[in-house]
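S.K.: Please find upload-v1.pdb (PDB, C-alpha atoms, pLDDT in the B column) on the next line:
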```pdb
ATOM      1  CA  MET Z 216     164.201  83.773  74.371  1.00 87.00           C
ATOM      2  CA  THR Z 217     166.509  82.036  71.954  1.00 91.00           C
ATOM      3  CA  ASP Z 218     166.593  79.603  69.046  1.00 93.00           C
ATOM      4  CA  LEU Z 219     169.744  77.944  70.403  1.00 96.00           C
ATOM      5  CA  ASP Z 220     170.526  74.472  69.041  1.00 96.00           C
ATOM      6  CA  LEU Z 221     170.404  72.402  72.248  1.00 97.00           C
ATOM      7  CA  ARG Z 222     171.955  69.346  70.608  1.00 97.00           C
ATOM      8  CA  ALA Z 223     174.993  71.369  69.579  1.00 97.00           C
ATOM      9  CA  LEU Z 224     175.294  72.765  73.116  1.00 97.00           C
ATOM     10  CA  ALA Z 225     175.104  69.238  74.585  1.00 97.00           C
ATOM     11  CA  ALA Z 226     177.725  67.957  72.144  1.00 97.00           C
ATOM     12  CA  ALA Z 227     180.087  70.819  73.024  1.00 96.00           C
ATOM     13  CA  HIS Z 228     179.562  70.155  76.739  1.00 97.00           C
ATOM     14  CA  ASP Z 229     180.271  66.438  76.364  1.00 96.00           C
ATOM     15  CA  ALA Z 230     183.366  67.078  74.242  1.00 95.00           C
ATOM     16  CA  SER Z 231     184.915  69.627  76.626  1.00 93.00           C
ATOM     17  CA  GLY Z 232     184.567  67.672  79.857  1.00 92.00           C
ATOM     18  CA  ALA Z 233     183.535  70.893  81.604  1.00 96.00           C
ATOM     19  CA  LEU Z 234     181.395  70.909  84.733  1.00 96.00           C
ATOM     20  CA  VAL Z 235     179.368  73.787  83.287  1.00 97.00           C
ATOM     21  CA  THR Z 236     178.887  74.932  79.702  1.00 97.00           C
ATOM     22  CA  LEU Z 237     177.229  78.319  79.145  1.00 97.00           C
ATOM     23  CA  ALA Z 238     175.706  79.299  75.801  1.00 97.00           C
ATOM     24  CA  VAL Z 239     177.005  82.714  74.748  1.00 97.00           C
ATOM     25  CA  VAL Z 240     176.807  85.154  71.878  1.00 97.00           C
ATOM     26  CA  PRO Z 241     179.027  88.193  71.256  1.00 96.00           C
ATOM     27  CA  ASN Z 242     178.132  90.953  73.727  1.00 95.00           C
ATOM     28  CA  ARG Z 243     176.652  93.562  71.398  1.00 94.00           C
ATOM     29  CA  GLU Z 244     175.374  95.783  74.226  1.00 94.00           C
ATOM     30  CA  PRO Z 245     178.239  95.906  76.733  1.00 96.00           C
ATOM     31  CA  HIS Z 246     176.867  99.042  78.398  1.00 95.00           C
ATOM     32  CA  LYS Z 247     173.599  97.213  79.166  1.00 92.00           C
ATOM     33  CA  TYR Z 248     174.925  93.716  79.846  1.00 92.00           C
ATOM     34  CA  GLY Z 249     177.948  92.502  81.712  1.00 92.00           C
ATOM     35  CA  GLY Z 250     179.792  89.646  80.078  1.00 94.00           C
ATOM     36  CA  LEU Z 251     181.943  86.599  80.486  1.00 95.00           C
ATOM     37  CA  LEU Z 252     185.660  86.859  79.958  1.00 95.00           C
ATOM     38  CA  THR Z 253     187.185  83.778  78.351  1.00 96.00           C
ATOM     39  CA  ALA Z 254     190.498  82.249  77.372  1.00 95.00           C
ATOM     40  CA  HIS Z 255     191.153  81.192  73.758  1.00 93.00           C
ATOM     41  CA  ASP Z 256     190.032  77.632  74.557  1.00 94.00           C
ATOM     42  CA  GLY Z 257     186.613  78.812  75.813  1.00 95.00           C
ATOM     43  CA  ALA Z 258     187.406  78.522  79.523  1.00 96.00           C
ATOM     44  CA  VAL Z 259     185.678  81.221  81.572  1.00 96.00           C
ATOM     45  CA  THR Z 260     188.246  83.363  83.361  1.00 94.00           C
ATOM     46  CA  GLY Z 261     186.018  86.017  84.901  1.00 91.00           C
ATOM     47  CA  VAL Z 262     182.990  88.271  84.700  1.00 92.00           C
ATOM     48  CA  ALA Z 263     182.870  91.880  83.516  1.00 93.00           C
ATOM     49  CA  ARG Z 264     180.297  94.357  84.822  1.00 93.00           C
ATOM     50  CA  PRO Z 265     178.278  96.372  82.302  1.00 95.00           C
ATOM     51  CA  GLY Z 266     180.304  99.190  80.819  1.00 95.00           C
ATOM     52  CA  ALA Z 267     183.594  99.619  79.025  1.00 95.00           C
ATOM     53  CA  GLY Z 268     185.075  96.559  80.741  1.00 93.00           C
ATOM     54  CA  ALA Z 269     182.467  94.326  79.090  1.00 95.00           C
ATOM     55  CA  GLU Z 270     183.461  95.312  75.543  1.00 95.00           C
ATOM     56  CA  GLY Z 271     184.638  92.236  73.662  1.00 94.00           C
ATOM     57  CA  SER Z 272     183.112  89.914  76.247  1.00 96.00           C
ATOM     58  CA  SER Z 273     180.625  87.100  75.679  1.00 96.00           C
ATOM     59  CA  HIS Z 274     176.943  87.516  76.565  1.00 96.00           C
ATOM     60  CA  PHE Z 275     175.452  84.544  78.438  1.00 95.00           C
ATOM     61  CA  ILE Z 276     171.969  84.004  76.984  1.00 95.00           C
ATOM     62  CA  GLY Z 277     170.608  81.982  79.900  1.00 92.00           C
ATOM     63  CA  VAL Z 278     170.944  78.426  78.590  1.00 96.00           C
ATOM     64  CA  GLN Z 279     173.451  76.146  80.239  1.00 96.00           C
ATOM     65  CA  ILE Z 280     174.324  72.547  80.949  1.00 96.00           C
ATOM     66  CA  ALA Z 281     175.709  71.825  84.396  1.00 95.00           C
ATOM     67  CA  HIS Z 282     176.905  68.656  86.066  1.00 94.00           C
ATOM     68  CA  ALA Z 283     175.580  68.112  89.595  1.00 92.00           C
ATOM     69  CA  ASP Z 284     179.165  68.301  90.926  1.00 92.00           C
ATOM     70  CA  ALA Z 285     179.123  72.025  90.126  1.00 92.00           C
ATOM     71  CA  PHE Z 286     176.665  72.506  93.002  1.00 90.00           C
ATOM     72  CA  ARG Z 287     178.023  70.077  95.630  1.00 88.00           C
ATOM     73  CA  ALA Z 288     179.564  72.858  97.773  1.00 86.00           C
ATOM     74  CA  LEU Z 289     176.260  74.746  98.054  1.00 87.00           C
ATOM     75  CA  GLN Z 290     174.087  74.568 101.158  1.00 87.00           C
ATOM     76  CA  ASP Z 291     170.646  72.986 100.801  1.00 89.00           C
ATOM     77  CA  GLY Z 292     167.754  75.424 101.002  1.00 90.00           C
ATOM     78  CA  GLN Z 293     169.884  78.545 100.529  1.00 87.00           C
ATOM     79  CA  ALA Z 294     169.183  80.696  97.460  1.00 88.00           C
ATOM     80  CA  VAL Z 295     172.218  81.525  95.357  1.00 85.00           C
ATOM     81  CA  ASN Z 296     172.918  83.284  92.067  1.00 84.00           C
ATOM     82  CA  SER Z 297     174.536  80.621  89.902  1.00 82.00           C
ATOM     83  CA  THR Z 298     176.484  82.785  87.453  1.00 78.00           C
ATOM     84  CA  GLY Z 299     177.328  85.687  89.764  1.00 74.00           C
ATOM     85  CA  ASP Z 300     178.133  83.768  92.927  1.00 83.00           C
ATOM     86  CA  ALA Z 301     178.338  79.977  92.815  1.00 88.00           C
ATOM     87  CA  TYR Z 302     180.207  79.870  89.520  1.00 91.00           C
ATOM     88  CA  LEU Z 303     182.711  82.526  90.587  1.00 89.00           C
ATOM     89  CA  ARG Z 304     183.541  80.461  93.684  1.00 89.00           C
ATOM     90  CA  LEU Z 305     183.776  77.351  91.519  1.00 92.00           C
ATOM     91  CA  LEU Z 306     186.173  79.135  89.142  1.00 91.00           C
ATOM     92  CA  ALA Z 307     188.379  80.153  92.057  1.00 91.00           C
ATOM     93  CA  SER Z 308     188.658  76.573  93.279  1.00 92.00           C
ATOM     94  CA  ARG Z 309     188.698  74.802  89.893  1.00 93.00           C
ATOM     95  CA  PRO Z 310     189.935  77.071  87.071  1.00 94.00           C
ATOM     96  CA  GLY Z 311     188.847  75.927  83.618  1.00 94.00           C
ATOM     97  CA  CYS Z 312     185.842  73.897  84.808  1.00 96.00           C
ATOM     98  CA  ILE Z 313     183.359  76.374  83.276  1.00 96.00           C
ATOM     99  CA  ARG Z 314     183.406  76.828  79.527  1.00 97.00           C
ATOM    100  CA  VAL Z 315     181.390  78.693  76.950  1.00 97.00           C
ATOM    101  CA  TYR Z 316     179.644  77.448  73.861  1.00 97.00           C
ATOM    102  CA  SER Z 317     179.978  80.373  71.433  1.00 96.00           C
ATOM    103  CA  CYS Z 318     177.253  80.645  68.822  1.00 96.00           C
ATOM    104  CA  GLU Z 319     175.209  83.128  66.819  1.00 94.00           C
ATOM    105  CA  ALA Z 320     171.824  82.121  68.260  1.00 94.00           C
ATOM    106  CA  ALA Z 321     169.100  84.746  68.321  1.00 91.00           C
ATOM    107  CA  PHE Z 322     168.539  86.270  71.740  1.00 88.00           C
ATOM    108  CA  GLN Z 323     165.606  88.379  72.869  1.00 89.00           C
ATOM    109  CA  ASP Z 324     165.596  89.553  76.448  1.00 87.00           C
ATOM    110  CA  ILE Z 325     162.533  89.264  78.685  1.00 87.00           C
ATOM    111  CA  GLY Z 326     164.357  89.938  81.961  1.00 85.00           C
ATOM    112  CA  THR Z 327     162.810  93.348  82.662  1.00 88.00           C
ATOM    113  CA  THR Z 328     159.281  94.595  82.109  1.00 91.00           C
ATOM    114  CA  SER Z 329     160.482  96.885  79.331  1.00 89.00           C
ATOM    115  CA  ASP Z 330     162.410  94.066  77.628  1.00 90.00           C
ATOM    116  CA  TYR Z 331     159.407  91.724  77.962  1.00 90.00           C
ATOM    117  CA  TRP Z 332     157.132  94.370  76.420  1.00 89.00           C
ATOM    118  CA  ASN Z 333     159.453  95.030  73.461  1.00 88.00           C
ATOM    119  CA  THR Z 334     160.141  91.333  72.829  1.00 88.00           C
ATOM    120  CA  SER Z 335     156.443  90.436  72.977  1.00 87.00           C
ATOM    121  CA  PHE Z 336     155.499  92.947  70.304  1.00 84.00           C
ATOM    122  CA  ALA Z 337     158.550  92.130  68.189  1.00 84.00           C
ATOM    123  CA  CYS Z 338     157.461  88.479  68.202  1.00 84.00           C
ATOM    124  CA  LEU Z 339     153.900  89.450  67.345  1.00 82.00           C
ATOM    125  CA  GLY Z 340     155.086  91.225  64.199  1.00 79.00           C
ATOM    126  CA  ASP Z 341     152.210  92.122  61.865  1.00 78.00           C
ATOM    127  CA  ARG Z 342     149.734  89.758  63.510  1.00 79.00           C
ATOM    128  CA  PRO Z 343     146.653  91.282  65.162  1.00 74.00           C
ATOM    129  CA  PRO Z 344     147.120  92.410  68.777  1.00 69.00           C
ATOM    130  CA  GLU Z 345     144.488  89.895  69.920  1.00 71.00           C
ATOM    131  CA  GLN Z 346     147.188  87.267  69.452  1.00 70.00           C
ATOM    132  CA  ALA Z 347     148.923  88.794  72.487  1.00 76.00           C
ATOM    133  CA  TYR Z 348     146.081  87.394  74.593  1.00 89.00           C
ATOM    134  CA  GLY Z 349     146.419  84.249  76.660  1.00 91.00           C
ATOM    135  CA  GLN Z 350     143.875  81.495  77.140  1.00 93.00           C
ATOM    136  CA  ARG Z 351     140.398  81.872  78.623  1.00 95.00           C
ATOM    137  CA  VAL Z 352     140.343  85.670  78.289  1.00 95.00           C
ATOM    138  CA  ARG Z 353     136.859  87.162  78.654  1.00 95.00           C
ATOM    139  CA  ILE Z 354     136.195  90.689  77.415  1.00 95.00           C
ATOM    140  CA  ASP Z 355     132.765  92.150  78.148  1.00 96.00           C
ATOM    141  CA  HIS Z 356     130.722  94.342  75.811  1.00 92.00           C
ATOM    142  CA  GLY Z 357     132.105  97.812  75.202  1.00 95.00           C
ATOM    143  CA  ALA Z 358     135.546  97.163  76.697  1.00 96.00           C
ATOM    144  CA  ARG Z 359     138.362  98.802  74.731  1.00 95.00           C
ATOM    145  CA  ILE Z 360     141.782  97.190  74.662  1.00 94.00           C
ATOM    146  CA  THR Z 361     144.618  98.730  72.674  1.00 92.00           C
ATOM    147  CA  ARG Z 362     148.177  97.426  72.283  1.00 91.00           C
ATOM    148  CA  SER Z 363     148.090  95.371  75.477  1.00 93.00           C
ATOM    149  CA  ILE Z 364     149.229  91.938  76.613  1.00 93.00           C
ATOM    150  CA  LEU Z 365     146.641  89.850  78.459  1.00 95.00           C
ATOM    151  CA  TRP Z 366     147.784  86.660  80.179  1.00 95.00           C
ATOM    152  CA  ASP Z 367     145.579  83.643  81.019  1.00 96.00           C
ATOM    153  CA  ASP Z 368     142.178  83.768  82.756  1.00 97.00           C
ATOM    154  CA  VAL Z 369     141.854  87.549  82.509  1.00 96.00           C
ATOM    155  CA  GLU Z 370     138.409  89.144  82.746  1.00 97.00           C
ATOM    156  CA  VAL Z 371     137.766  92.659  81.468  1.00 97.00           C
ATOM    157  CA  GLY Z 372     134.473  94.239  82.571  1.00 97.00           C
ATOM    158  CA  ALA Z 373     132.039  96.138  80.385  1.00 97.00           C
ATOM    159  CA  ASP Z 374     133.209  99.543  79.135  1.00 97.00           C
ATOM    160  CA  ALA Z 375     136.664  99.183  80.736  1.00 97.00           C
ATOM    161  CA  ALA Z 376     139.589 100.762  78.873  1.00 97.00           C
ATOM    162  CA  ILE Z 377     143.010  99.092  78.804  1.00 96.00           C
ATOM    163  CA  ASP Z 378     145.719 100.949  76.875  1.00 95.00           C
ATOM    164  CA  GLU Z 379     149.322  99.676  76.572  1.00 94.00           C
ATOM    165  CA  CYS Z 380     149.127  97.435  79.629  1.00 95.00           C
ATOM    166  CA  ILE Z 381     150.325  94.018  80.731  1.00 95.00           C
ATOM    167  CA  VAL Z 382     147.472  92.254  82.517  1.00 96.00           C
ATOM    168  CA  THR Z 383     148.693  89.166  84.356  1.00 96.00           C
ATOM    169  CA  ASP Z 384     147.005  85.821  85.118  1.00 96.00           C
ATOM    170  CA  ARG Z 385     143.560  85.896  86.745  1.00 96.00           C
ATOM    171  CA  ALA Z 386     143.314  89.688  86.886  1.00 97.00           C
ATOM    172  CA  GLN Z 387     139.742  90.949  86.956  1.00 96.00           C
ATOM    173  CA  ILE Z 388     139.374  94.433  85.501  1.00 97.00           C
ATOM    174  CA  PRO Z 389     136.233  96.119  86.872  1.00 96.00           C
ATOM    175  CA  ALA Z 390     133.562  97.451  84.540  1.00 97.00           C
ATOM    176  CA  GLY Z 391     134.091 101.092  83.592  1.00 97.00           C
ATOM    177  CA  SER Z 392     137.678 101.275  84.863  1.00 97.00           C
ATOM    178  CA  ALA Z 393     140.558 102.713  82.837  1.00 97.00           C
ATOM    179  CA  TYR Z 394     144.269 101.850  82.899  1.00 97.00           C
ATOM    180  CA  ARG Z 395     147.121 103.126  80.763  1.00 97.00           C
ATOM    181  CA  ARG Z 396     150.768 102.002  80.526  1.00 96.00           C
ATOM    182  CA  SER Z 397     150.567  99.782  83.590  1.00 96.00           C
ATOM    183  CA  VAL Z 398     151.256  96.267  84.777  1.00 97.00           C
ATOM    184  CA  ILE Z 399     148.080  94.966  86.404  1.00 97.00           C
ATOM    185  CA  ARG Z 400     148.119  92.006  88.794  1.00 96.00           C
ATOM    186  CA  GLN Z 401     145.351  90.463  90.824  1.00 94.00           C
ATOM    187  CA  GLY Z 402     146.226  90.816  94.494  1.00 92.00           C
ATOM    188  CA  GLU Z 403     144.555  89.162  97.444  1.00 91.00           C
ATOM    189  CA  HIS Z 404     142.454  92.263  98.159  1.00 92.00           C
ATOM    190  CA  GLY Z 405     142.135  93.777  94.694  1.00 92.00           C
ATOM    191  CA  LEU Z 406     144.227  94.872  91.757  1.00 95.00           C
ATOM    192  CA  LEU Z 407     147.881  95.829  92.115  1.00 95.00           C
ATOM    193  CA  VAL Z 408     148.857  98.406  89.493  1.00 95.00           C
ATOM    194  CA  THR Z 409     152.399  99.558  88.747  1.00 94.00           C
ATOM    195  CA  PRO Z 410     153.602 101.872  85.963  1.00 93.00           C
ATOM    196  CA  LEU Z 411     154.926 100.155  82.847  1.00 88.00           C
TER     197      LEU Z 411
END
```
Go ahead and express the file in the form of structure tokens.
M.R.:
Amino acid sequence: MTDLDLRALAAAHDASGALVTLAVVPNREPHKYGGLLTAHDGAVTGVARPGAGAEGSSHFIGVQIAHADAFRALQDGQAVNSTGDAYLRLLASRPGCIRVYSCEAAFQDIGTTSDYWNTSFACLGDRPPEQAYGQRVRIDHGARITRSILWDDVEVGADAAIDECIVTDRAQIPAGSAYRRSVIRQGEHGLLVTPL
């Protein structure tokens, strides 16, 4: 999640003539995140894996503008990682065609379950935990829910206990059941529960 100024990113992309412009911030957690290596003019020169080699790199925050020509060499219907695969091949064939837009935008990660959990509660701030509930949530009499995130169309049965859980769309929690520190999904034949 970010508060990136999209107009400023678009203006930088138009001005540079790049095929791809990636929004980046300074990599403040190089041991957690890999980073982009860049020349002084903002051209991407390579990618650093997480660790000491990523110190001083730029952290791509997930927002980008790309011209369709950047993807012409890709095969239809074949999944590909844009930044870790397609863009590296593009850089090898057309150095300088990928540039960064450096900024100080806020960035909150939701890429892992742990990051999603932490970001959700950071965004909630001092507001009541019920504001971490989605739409059309139904909680029956006697159910106890503490510090949990409930997505849309969730039903919690009577006297169920949900403690520090993420309950995803359309999950139906049976009456009297208890879950703690879990991600709960509605599967085809019942609930799928994984540790948080």
S.K.: Expand the PyMOL selection byres ((chain Z and resi 283-289) around 8) into the individual residues it matches in the shown file, reporting them as a PyMOL selection string.
M.R.: chain Z and resi 234-235+281-282+290-291+293+301-302+305
S.K.: Which polymer residues, whether protein, DNA or RNA, lie within 9 Å of the coordinate (138.0, 92.6, 81.8) when you count all atoms listed in the file? List them as a PyMOL selection string, using the chain letters and numbers from the file.
M.R.: chain Z and resi 352-355+358+369-377+386-390
S.K.: Report as a PyMOL selection string the full result of the PyMOL selection byres ((chain Z and resi 381) around 12) when it is applied to this structure.
M.R.: chain Z and resi 328-329+331-333+335-336+347-349+360-367+369+377-380+382-384+386+388+394-401+407-411
S.K.: Please evaluate the PyMOL selection byres ((chain Z and resi 247-251) around 10) against the structure above and give the resulting residues as a ChimeraX atom specification.
M.R.: /Z:237,239-246,252-253,258-275,298,314-315
S.K.: Go ahead and compute the interatomic distance for atom CA of Z:Ala233 and atom CA of Z:Asp220, in Å to one decimal.
M.R.: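 Atom CA of Z:Asp220 lies 18.4 Å from atom CA of Z:Ala233.
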S.K.: Using only C-alpha atoms, which of the listed residues (Z:Arg385, Z:Asp300, Z:Tyr316, Z:Val295) sits closest to Z:Asp229?
M.R.: Z:Tyr316
